[in-house]
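The structure appears below as C-alpha cells.
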Amino acid sequence: MSLADPSYRRALENGLLLRWSTAQDAEGFARLCADVFRDEAADPPNVWFGNWIHDMMSGRHPLTAPGDFALVEDTTTGEIVAGAVLMRQTWDYDGIAIPIGRPEAVATREAYRNRGLIRAIFGLLHARCDARGDLAVGITGIYSYYRQFGYEYALDLGGSRRIPFSAIPALAEGATEPYTLRVGTLDDLPGIMKLYERDRARALVSTVIDEPTWRWIIAGMYPDTDENWQTQLILDGNRRIVGYVLAARARYGNMVVIRGLAVDEGVPMTGVLPSVLRAFAAQAPTVPAPHPRTHTPTLLSLALGRAHPAYDALFAAWPVAVVPPYAWYVRVADLPRFIRHIAPALERRLIGSPVDGFTGEVKVSFYRGGLRLTFEAGRIITAEDWQPNHWDPGHAGFPSLVFLKLLFGHQSLADLRTAYPDVWANDAAQTLLATLFPARVSWVLPLD
C-alpha cells in the first residue's frame with residue numbers, strides 16, 4: 001500500500017502507530033499542539049494554536065482536509081504524540097503557477113522525541129506530495145532542522161523595518177487625517193484581490209491566493225487564532241478605497257505587525273504611509289495579546305520583505321531598525337521536472353541577453369548526481385538527471401541542494417561562488433546560468 005493512501009498504517013516500536021488522520025483526531029492533535037507550541041515550559045497551553053488545528057480539521061478550510069495530517073498514535077493510551085499537516089498551496093514563479101505542498105504544525109510530545117517519529121511522518125507527507133503532483137514543498141521552521149529531510153533555505157521569509165511609535169510624526173494641529181482605515185469585508189473582495197495582485201507583482205516567487213482562501217481569511221476563520229491576517233482598507237478623504245493593509249491578528253512582545261501594504265497606481269506611498277502608521281499606533285492597545293510576556297506596545301513592524309516601496313517612503317531621519325529576512329526551506333524532489341515546468345520563464349530570460357538563441361548543453365554537477373540541460377535556439381529541449389564522473393565533471397558544480405538557492409533567485413551565482421568554495425562554473429556556463437537564474441526578490445506569504 002502506498003504511503004500516500006488514506007488507509008496507510010504502520011506499527012512502530014513500543015506500541016506506536018503511524019497513520020493518516022480522520023476528523024475524530026482533531027481534539028487530540030489540537031491538544032498536542034497547544035502543549036508543544038509554547039515559548040516556555042511554565043506557559044499555559046497555547047489555545048490559539050489549538051484553535052487553528054480545529055480550523056484546519058473542520059472540513060471548511062480551503063487548503064486542508066481532516067485527512068491531511070500524518071500522525072503517530074500511542075496505542076497504549078490512544079494519545080496523539082506526534083504529527084504534522086500537509087497543506088495545499090500554489091506559488092507563482094515568474095508568471096508560472098506551481099503546486100506546492102506545505103507541511104505545518106510539526107509537533108512531538110517531549111517524552112517521545114529523538115525516536116525518528118518526525119522522519120517517519122515526513123515520509124508520509126512527501127509521498128502524498130508526490131501522489132498529488134506537487135512540484136515543490138515549502139516549510140517555515142527552526143534553524144537547520146529540516147535540512148535532514150532534503151530541504152534548503154531558498155526563499156526570503158519576512159524581513160522588516162521597525163519604527164518606534166514615538167518616531168511617527170503627529171498630525172499637524174487642526175489638520176484632517178488625509179487617509180483612514182476600515183476593516184475589509186467580503187463585499188470588498190474584488191478590490192482586495194486586485195490590490196494583492198499589484199502587491200505581489202514585484203516578486204519572482206509569490207503566493208497565489210484564490211477567492212475561497214480570501215473568503216476564509218476575511219470571514220471564515222475562528223476568531224481566536226493568530227494565523228493569516230486582518231485585512232484593512234485605506235480610504236482617502238472621499239472614502240474611496242485606495243489601498244490595503246494586511247495586519248497581524250495578534251501582537252507579541254511590544255510590537256504590532258503589518259504583513260502587507262499596497263496602494264493603487266497614482267496614489268503616493270509617501271502621502272499614505274504617515275496616516276497608516278498613526279492609525280496602527282492608535283489601534284495597538286486593542287490588538288489581542290493572547291500569550292504571556294506581551295508588553296505595552298511601543299514598536300510598529302513593517303514586515304514587508306527584503307524590499308518594499310513603503311521602506312523607500314520612510315523618512316531618513318526616523319530611527320528605523322532594519323531586520324533582515326529569515327528564509328523558507330524548499331524541497332524539490334524531481335528537479336528536471338521542475339525545470340521543464342518553468343521552462344517558459346527561463347527561456348524568456350535568454351531573449352536579448354548575451355546568450356540569446358543559445359544552442360548547446362550545460363551539465364551541472366551536484367557531485368553525487370547532476371542536471372543536464374540542452375537548448376536549441378534558446379528553447380529548453382531536455383532537462384534530465386545526469387551523473388558526473390572523473391572524466392566528465394560537467395560545466396558547473398554545486399554542493400547538494402545549494403543549486404536551489406540559484407533556482408529560486410535567492411542568491412546569484414556570484415554570491416554563491418563567494419560563499420561556497422565548491423560552487424564553480426566555466427566561462428560559458430557562468431554566463432548562461434547567471435542569465436537563467438538572476439537574483440530576484442521574492443515575497444511568499446504563508447497561508448494558514
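Lettering and numbering for the C-alpha cells are positional, with chains as A, B, ... in the shown order, residues counted from 1 in each chain, and ligands counted from 1 in the shown order.
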*Might you pull out every residue within 8 Å of segment 338-343 of chain A, with only C-alpha atoms counted and same-chain residues fewer than 6 positions away left off, and present them as a ChimeraX atom specification?*
/A:93,96,135-136,332,380,382-383
Go ahead and save the residues from that selection, with C-alpha atoms, as a JSON list (two decimals), in the first residue's frame.
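The resulting file, out18.json, is reproduced below:
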[["chain", "number", "residue", "atom", "x", "y", "z"],
["A", 93, "TYR", "CA", 7.25, 31.52, -10.27],
["A", 96, "ILE", "CA", 4.00, 30.21, -13.87],
["A", 135, "LEU", "CA", 6.38, 20.25, -7.78],
["A", 136, "ALA", "CA", 7.98, 21.57, -4.59],
["A", 332, "VAL", "CA", 12.29, 19.83, -4.95],
["A", 380, "ILE", "CA", 14.95, 24.11, -23.46],
["A", 382, "THR", "CA", 15.95, 18.45, -22.45],
["A", 383, "ALA", "CA", 16.08, 18.61, -18.67]]
*Residues within 10 Å of Asn389 of chain A, only C-alpha atoms, excluding chain neighbours under 4 positions, as a ChimeraX atom specification*: /A:365,367-369,393-394
*Just the strand (DSSP E or B) stuff from segment 282-414 of chain A, please, per backbone DSSP, written as an MDAnalysis selection string.*
chainID A and resid 299:302 321:323 326:331 360:365 370:376 379:385 389 392 396:397
For the residues in the current selection, export N, CA and C atoms as a short mmCIF file (atom, residue, chain, number, x, y, z; two decimals), in the first residue's frame.
data_model
loop_
_atom_site.label_atom_id
_atom_site.label_comp_id
_atom_site.auth_asym_id
_atom_site.auth_seq_id
_atom_site.Cartn_x
_atom_site.Cartn_y
_atom_site.Cartn_z
N LEU A 299 6.39 49.54 19.43
CA LEU A 299 7.02 49.43 18.12
C LEU A 299 6.01 48.99 17.07
N LEU A 300 6.19 49.51 15.87
CA LEU A 300 5.45 49.05 14.71
C LEU A 300 6.43 48.38 13.76
N SER A 301 6.12 47.15 13.35
CA SER A 301 6.97 46.41 12.42
C SER A 301 6.32 46.37 11.05
N LEU A 302 6.98 47.00 10.07
CA LEU A 302 6.58 46.85 8.67
C LEU A 302 7.28 45.61 8.14
N ALA A 321 14.89 50.45 12.58
CA ALA A 321 15.76 49.28 12.69
C ALA A 321 15.46 48.34 11.52
N VAL A 322 16.52 47.93 10.82
CA VAL A 322 16.38 47.01 9.69
C VAL A 322 16.57 45.58 10.18
N VAL A 323 15.57 44.72 9.96
CA VAL A 323 15.64 43.31 10.33
C VAL A 323 15.72 42.49 9.05
N TYR A 326 14.55 36.03 7.35
CA TYR A 326 14.89 34.63 7.56
C TYR A 326 14.67 33.96 6.20
N ALA A 327 14.36 32.69 6.13
CA ALA A 327 14.18 32.05 4.82
C ALA A 327 13.21 30.88 4.92
N TRP A 328 12.52 30.65 3.82
CA TRP A 328 11.76 29.43 3.61
C TRP A 328 12.73 28.28 3.32
N TYR A 329 12.43 27.12 3.89
CA TYR A 329 13.04 25.88 3.41
C TYR A 329 12.25 25.39 2.19
N VAL A 330 12.95 24.94 1.16
CA VAL A 330 12.30 24.42 -0.04
C VAL A 330 12.89 23.06 -0.39
N ARG A 331 12.04 22.15 -0.80
CA ARG A 331 12.45 20.82 -1.27
C ARG A 331 11.90 20.61 -2.67
N GLY A 360 23.00 24.32 -27.42
CA GLY A 360 24.06 23.56 -26.78
C GLY A 360 23.57 22.92 -25.50
N GLU A 361 24.49 22.56 -24.62
CA GLU A 361 24.11 21.91 -23.37
C GLU A 361 24.91 22.51 -22.22
N VAL A 362 24.35 22.35 -21.03
CA VAL A 362 25.07 22.67 -19.80
C VAL A 362 24.82 21.53 -18.83
N LYS A 363 25.91 21.01 -18.29
CA LYS A 363 25.82 19.90 -17.32
C LYS A 363 26.26 20.43 -15.96
N VAL A 364 25.35 20.35 -15.00
CA VAL A 364 25.57 20.89 -13.66
C VAL A 364 25.78 19.74 -12.70
N SER A 365 26.94 19.71 -12.08
CA SER A 365 27.26 18.64 -11.14
C SER A 365 26.79 19.00 -9.74
N GLY A 370 23.53 15.04 -10.78
CA GLY A 370 23.62 16.26 -11.54
C GLY A 370 22.42 16.48 -12.43
N LEU A 371 22.47 17.57 -13.19
CA LEU A 371 21.39 18.00 -14.06
C LEU A 371 21.98 18.33 -15.43
N ARG A 372 21.33 17.84 -16.48
CA ARG A 372 21.75 18.15 -17.85
C ARG A 372 20.62 18.88 -18.56
N LEU A 373 20.94 20.06 -19.09
CA LEU A 373 20.00 20.85 -19.86
C LEU A 373 20.53 21.00 -21.28
N THR A 374 19.67 20.78 -22.26
CA THR A 374 20.04 21.04 -23.64
C THR A 374 19.11 22.10 -24.23
N PHE A 375 19.68 22.94 -25.09
CA PHE A 375 18.95 24.07 -25.67
C PHE A 375 19.07 24.01 -27.19
N GLU A 376 18.03 24.49 -27.84
CA GLU A 376 18.04 24.65 -29.28
C GLU A 376 17.41 25.99 -29.62
N ARG A 379 15.53 27.52 -26.78
CA ARG A 379 14.46 26.73 -26.18
C ARG A 379 15.06 25.56 -25.41
N ILE A 380 14.49 25.25 -24.25
CA ILE A 380 14.95 24.11 -23.46
C ILE A 380 14.35 22.85 -24.05
N ILE A 381 15.18 21.99 -24.56
CA ILE A 381 14.73 20.76 -25.22
C ILE A 381 14.77 19.58 -24.25
N THR A 382 15.77 19.56 -23.39
CA THR A 382 15.95 18.45 -22.45
C THR A 382 16.30 18.98 -21.08
N ALA A 383 15.68 18.41 -20.07
CA ALA A 383 16.08 18.61 -18.67
C ALA A 383 16.01 17.24 -18.02
N GLU A 384 17.18 16.72 -17.64
CA GLU A 384 17.21 15.35 -17.14
C GLU A 384 18.31 15.18 -16.10
N ASP A 385 18.17 14.12 -15.29
CA ASP A 385 19.23 13.78 -14.35
C ASP A 385 20.47 13.39 -15.12
N ASN A 389 31.35 12.22 -13.66
CA ASN A 389 32.37 11.22 -13.37
C ASN A 389 33.75 11.88 -13.47
N ASP A 392 34.32 13.48 -16.81
CA ASP A 392 33.32 14.47 -17.23
C ASP A 392 32.70 15.11 -15.99
N ALA A 396 29.59 23.08 -14.52
CA ALA A 396 29.41 23.86 -13.29
C ALA A 396 29.16 22.87 -12.16
N GLY A 397 29.39 23.32 -10.93
CA GLY A 397 29.20 22.43 -9.79
C GLY A 397 28.64 23.16 -8.58
#
_I'd like the contact shell of Arg132 of chain A - 10 Å cut-off, only C-alpha atoms, skipping same-chain residues fewer than 5 positions apart - returned as a list in words._
Ala4, Arg88, Pro99, Ile100, Gly101 and Ala127 of chain A
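The shortest atom-to-atom distance to Val72 of chain A, with only C-alpha atoms taken into account, belongs to A:Ala11 out of A:Ile192, A:Leu235, A:Leu273, A:Ala11.
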_Can you pull out the residues contacting Asp68 of chain A? Cut-off 7 Å, using only C-alpha atoms, and skip same-chain residues under 2 positions away; I want them as a ChimeraX atom specification._
/A:21,64-66,70,85-86
Could you turn the residues from that selection into a file that holds N, CA and C atoms, as a PDB file, in the first residue's frame?
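Below you can see selection20.pdb, which holds the result:
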ATOM      1  N   SER A  21      -4.728  10.883   9.369  1.00  0.00           N
ATOM      2  CA  SER A  21      -5.745  11.334  10.316  1.00  0.00           C
ATOM      3  C   SER A  21      -7.158  11.122   9.800  1.00  0.00           C
ATOM      4  N   THR A  64      -6.803  22.615   3.503  1.00  0.00           N
ATOM      5  CA  THR A  64      -6.582  21.327   4.165  1.00  0.00           C
ATOM      6  C   THR A  64      -7.912  20.609   4.335  1.00  0.00           C
ATOM      7  N   ALA A  65      -7.810  19.306   4.575  1.00  0.00           N
ATOM      8  CA  ALA A  65      -8.970  18.476   4.875  1.00  0.00           C
ATOM      9  C   ALA A  65      -8.662  17.660   6.130  1.00  0.00           C
ATOM     10  N   PRO A  66      -9.662  17.082   6.781  1.00  0.00           N
ATOM     11  CA  PRO A  66      -9.404  16.329   8.016  1.00  0.00           C
ATOM     12  C   PRO A  66      -8.429  15.166   7.840  1.00  0.00           C
ATOM     13  N   ALA A  70      -0.494  13.693   9.033  1.00  0.00           N
ATOM     14  CA  ALA A  70       0.229  12.452   9.324  1.00  0.00           C
ATOM     15  C   ALA A  70       0.489  12.415  10.825  1.00  0.00           C
ATOM     16  N   VAL A  85       0.686  18.548   9.496  1.00  0.00           N
ATOM     17  CA  VAL A  85      -0.316  18.672   8.443  1.00  0.00           C
ATOM     18  C   VAL A  85       0.387  18.970   7.126  1.00  0.00           C
ATOM     19  N   LEU A  86      -0.235  18.550   6.025  1.00  0.00           N
ATOM     20  CA  LEU A  86       0.248  18.895   4.691  1.00  0.00           C
ATOM     21  C   LEU A  86      -0.805  19.746   4.009  1.00  0.00           C
TER      22      LEU A  86
END
*Find the residues near Arg162 of chain A: any atom within 12 Å, counting only C-alpha atoms, skip ones fewer than 2 places away on the same chain, and give them as a PyMOL selection string.*
chain A and resi 159-160+164-168+254-258+277+298-304+311+314+318-324
Output of the above residues as a short mmCIF file (atom, residue, chain, number, x, y, z; two decimals), in the first residue's frame, restricted to N, CA and C atoms:
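Listing of part-v1.cif after writing:
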data_model
loop_
_atom_site.label_atom_id
_atom_site.label_comp_id
_atom_site.auth_asym_id
_atom_site.auth_seq_id
_atom_site.Cartn_x
_atom_site.Cartn_y
_atom_site.Cartn_z
N GLY A 159 11.54 39.77 6.88
CA GLY A 159 12.33 40.97 6.64
C GLY A 159 11.47 42.17 6.97
N SER A 160 11.99 43.12 7.75
CA SER A 160 11.11 44.19 8.22
C SER A 160 11.88 45.46 8.52
N PRO A 164 9.73 52.99 16.16
CA PRO A 164 9.11 53.31 17.45
C PRO A 164 7.87 54.20 17.24
N PHE A 165 6.83 53.94 18.01
CA PHE A 165 5.65 54.80 17.92
C PHE A 165 6.04 56.27 18.15
N SER A 166 7.01 56.47 19.02
CA SER A 166 7.40 57.83 19.36
C SER A 166 8.00 58.59 18.17
N ALA A 167 8.47 57.85 17.14
CA ALA A 167 9.07 58.49 15.97
C ALA A 167 8.05 58.83 14.89
N ILE A 168 6.83 58.31 15.02
CA ILE A 168 5.81 58.55 13.99
C ILE A 168 5.33 59.99 14.13
N ASN A 254 6.40 43.72 22.38
CA ASN A 254 5.95 45.13 22.39
C ASN A 254 5.65 45.64 20.98
N MET A 255 5.33 44.70 20.04
CA MET A 255 5.17 45.09 18.63
C MET A 255 3.78 44.78 18.09
N VAL A 256 3.35 45.65 17.16
CA VAL A 256 2.26 45.30 16.25
C VAL A 256 2.89 45.19 14.86
N VAL A 257 2.31 44.33 14.02
CA VAL A 257 2.97 43.94 12.77
C VAL A 257 2.05 44.16 11.57
N ILE A 258 2.59 44.78 10.55
CA ILE A 258 1.93 44.90 9.24
C ILE A 258 2.62 43.92 8.30
N LEU A 277 0.64 54.63 9.62
CA LEU A 277 1.41 54.42 10.84
C LEU A 277 0.69 54.99 12.06
N THR A 298 5.09 49.44 21.83
CA THR A 298 5.89 50.64 21.58
C THR A 298 6.50 50.65 20.18
N LEU A 299 6.39 49.54 19.43
CA LEU A 299 7.02 49.43 18.12
C LEU A 299 6.01 48.99 17.07
N LEU A 300 6.19 49.51 15.87
CA LEU A 300 5.45 49.05 14.71
C LEU A 300 6.43 48.38 13.76
N SER A 301 6.12 47.15 13.35
CA SER A 301 6.97 46.41 12.42
C SER A 301 6.32 46.37 11.05
N LEU A 302 6.98 47.00 10.07
CA LEU A 302 6.58 46.85 8.67
C LEU A 302 7.28 45.61 8.14
N ALA A 303 6.62 44.45 8.25
CA ALA A 303 7.22 43.17 7.87
C ALA A 303 6.83 42.84 6.44
N LEU A 304 7.43 43.56 5.50
CA LEU A 304 7.02 43.53 4.10
C LEU A 304 8.05 42.89 3.19
N TYR A 311 9.24 51.02 2.40
CA TYR A 311 10.53 51.30 3.02
C TYR A 311 11.15 52.57 2.42
N LEU A 314 9.85 55.83 3.98
CA LEU A 314 10.20 56.20 5.36
C LEU A 314 11.19 57.36 5.34
N TRP A 318 14.14 59.11 10.65
CA TRP A 318 13.46 58.27 11.64
C TRP A 318 14.42 57.19 12.13
N PRO A 319 14.35 56.83 13.42
CA PRO A 319 15.20 55.75 13.96
C PRO A 319 14.63 54.38 13.60
N VAL A 320 14.87 53.96 12.38
CA VAL A 320 14.30 52.71 11.86
C VAL A 320 15.32 51.59 12.00
N ALA A 321 14.89 50.45 12.58
CA ALA A 321 15.76 49.28 12.69
C ALA A 321 15.46 48.34 11.52
N VAL A 322 16.52 47.93 10.82
CA VAL A 322 16.38 47.01 9.69
C VAL A 322 16.57 45.58 10.18
N VAL A 323 15.57 44.72 9.96
CA VAL A 323 15.64 43.31 10.33
C VAL A 323 15.72 42.49 9.05
N PRO A 324 16.82 41.81 8.79
CA PRO A 324 16.95 41.04 7.53
C PRO A 324 16.01 39.85 7.52
#
List the spatial neighbours of segment 140-149 of chain A as a PDB file with C-alpha atoms, in the first residue's frame - criterion: any atom at most 12 Å away, only C-alpha atoms, same-chain residues fewer than 5 positions off excluded.
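Writing done, so here's around-v9.pdb:
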ATOM      1  CA  ARG A 102       3.345  22.901   2.767  1.00  0.00           C
ATOM      2  CA  PRO A 103       3.984  20.964   5.987  1.00  0.00           C
ATOM      3  CA  GLU A 104       2.962  22.811   9.125  1.00  0.00           C
ATOM      4  CA  ALA A 105       2.251  22.250  12.816  1.00  0.00           C
ATOM      5  CA  VAL A 106       5.147  19.785  13.129  1.00  0.00           C
ATOM      6  CA  ALA A 107       4.947  18.609  16.723  1.00  0.00           C
ATOM      7  CA  GLY A 116      12.658   9.250  14.435  1.00  0.00           C
ATOM      8  CA  ILE A 118       9.118  13.188  12.512  1.00  0.00           C
ATOM      9  CA  ARG A 119      11.272  11.434   9.915  1.00  0.00           C
ATOM     10  CA  ALA A 120       8.551   8.789   9.560  1.00  0.00           C
ATOM     11  CA  ILE A 121       5.890  11.494   9.352  1.00  0.00           C
ATOM     12  CA  PHE A 122       7.771  13.343   6.607  1.00  0.00           C
ATOM     13  CA  GLY A 123       7.962  10.092   4.673  1.00  0.00           C
ATOM     14  CA  LEU A 125       3.972  13.857   3.731  1.00  0.00           C
ATOM     15  CA  HIS A 126       6.445  13.574   0.857  1.00  0.00           C
ATOM     16  CA  ALA A 154      15.937  29.109  -0.837  1.00  0.00           C
ATOM     17  CA  LEU A 155      13.426  31.969  -0.463  1.00  0.00           C
ATOM     18  CA  ASP A 156      13.148  35.049   1.720  1.00  0.00           C
ATOM     19  CA  LEU A 157      10.818  34.766   4.711  1.00  0.00           C
ATOM     20  CA  GLY A 158       9.961  38.072   6.345  1.00  0.00           C
ATOM     21  CA  TYR A 326      14.893  34.633   7.559  1.00  0.00           C
ATOM     22  CA  ALA A 327      14.175  32.047   4.824  1.00  0.00           C
ATOM     23  CA  TRP A 328      11.758  29.426   3.610  1.00  0.00           C
ATOM     24  CA  TYR A 329      13.040  25.875   3.414  1.00  0.00           C
ATOM     25  CA  VAL A 330      12.296  24.420  -0.038  1.00  0.00           C
ATOM     26  CA  ARG A 331      12.450  20.821  -1.265  1.00  0.00           C
ATOM     27  CA  VAL A 332      12.292  19.830  -4.949  1.00  0.00           C
ATOM     28  CA  ALA A 333      12.048  16.060  -5.307  1.00  0.00           C
ATOM     29  CA  SER A 400      23.980  19.161  -2.602  1.00  0.00           C
ATOM     30  CA  LEU A 401      20.814  21.333  -2.590  1.00  0.00           C
ATOM     31  CA  VAL A 402      22.701  24.650  -2.890  1.00  0.00           C
ATOM     32  CA  VAL A 444       5.923  34.371  -0.283  1.00  0.00           C
ATOM     33  CA  LEU A 445       3.200  34.896   2.296  1.00  0.00           C
ATOM     34  CA  PRO A 446       2.468  31.799   4.403  1.00  0.00           C
ATOM     35  CA  LEU A 447      -1.224  30.870   4.137  1.00  0.00           C
ATOM     36  CA  ASP A 448      -2.631  29.300   7.286  1.00  0.00           C
TER      37      ASP A 448
END
*Quote the spacing between atom CA of Leu124 of chain A and atom CA of Asp35 of chain A in Å to one decimal place.*
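For atom CA of Leu124 of chain A relative to atom CA of Asp35 of chain A, the distance reads 23.5 Å.
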*Hey, which of A:Glu347, A:Ile234, A:Gln411, A:Met56 ends up closest to Phe280 of chain A? Count only C-alpha atoms.*
A:Ile234
*asked:* What parts of segment 94-325 of chain A does DSSP call helix (DSSP H, G or I)? I'd like the answer as a PyMOL selection string.
replied: chain A and resi 110-112+117-132+145-149+165-167+186-200+211-220+269-286+309-312
*Distance of atom CA of Gly28 of chain A from atom CA of Asn51 of chain A, expressed in Å to one decimal place*: 12.1 Å
_Leu346 of chain A surroundings by only C-alpha atoms, 8 Å radius, close-in-sequence under 4 positions cut, as a PyMOL selection string_ = chain A and resi 342+350+436-437
*Which distance in Å separates atom CA of Gln283 of chain A and atom CA of Leu246 of chain A, to one decimal?*
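Between atom CA of Gln283 of chain A and atom CA of Leu246 of chain A the gap works out to 13.8 Å.
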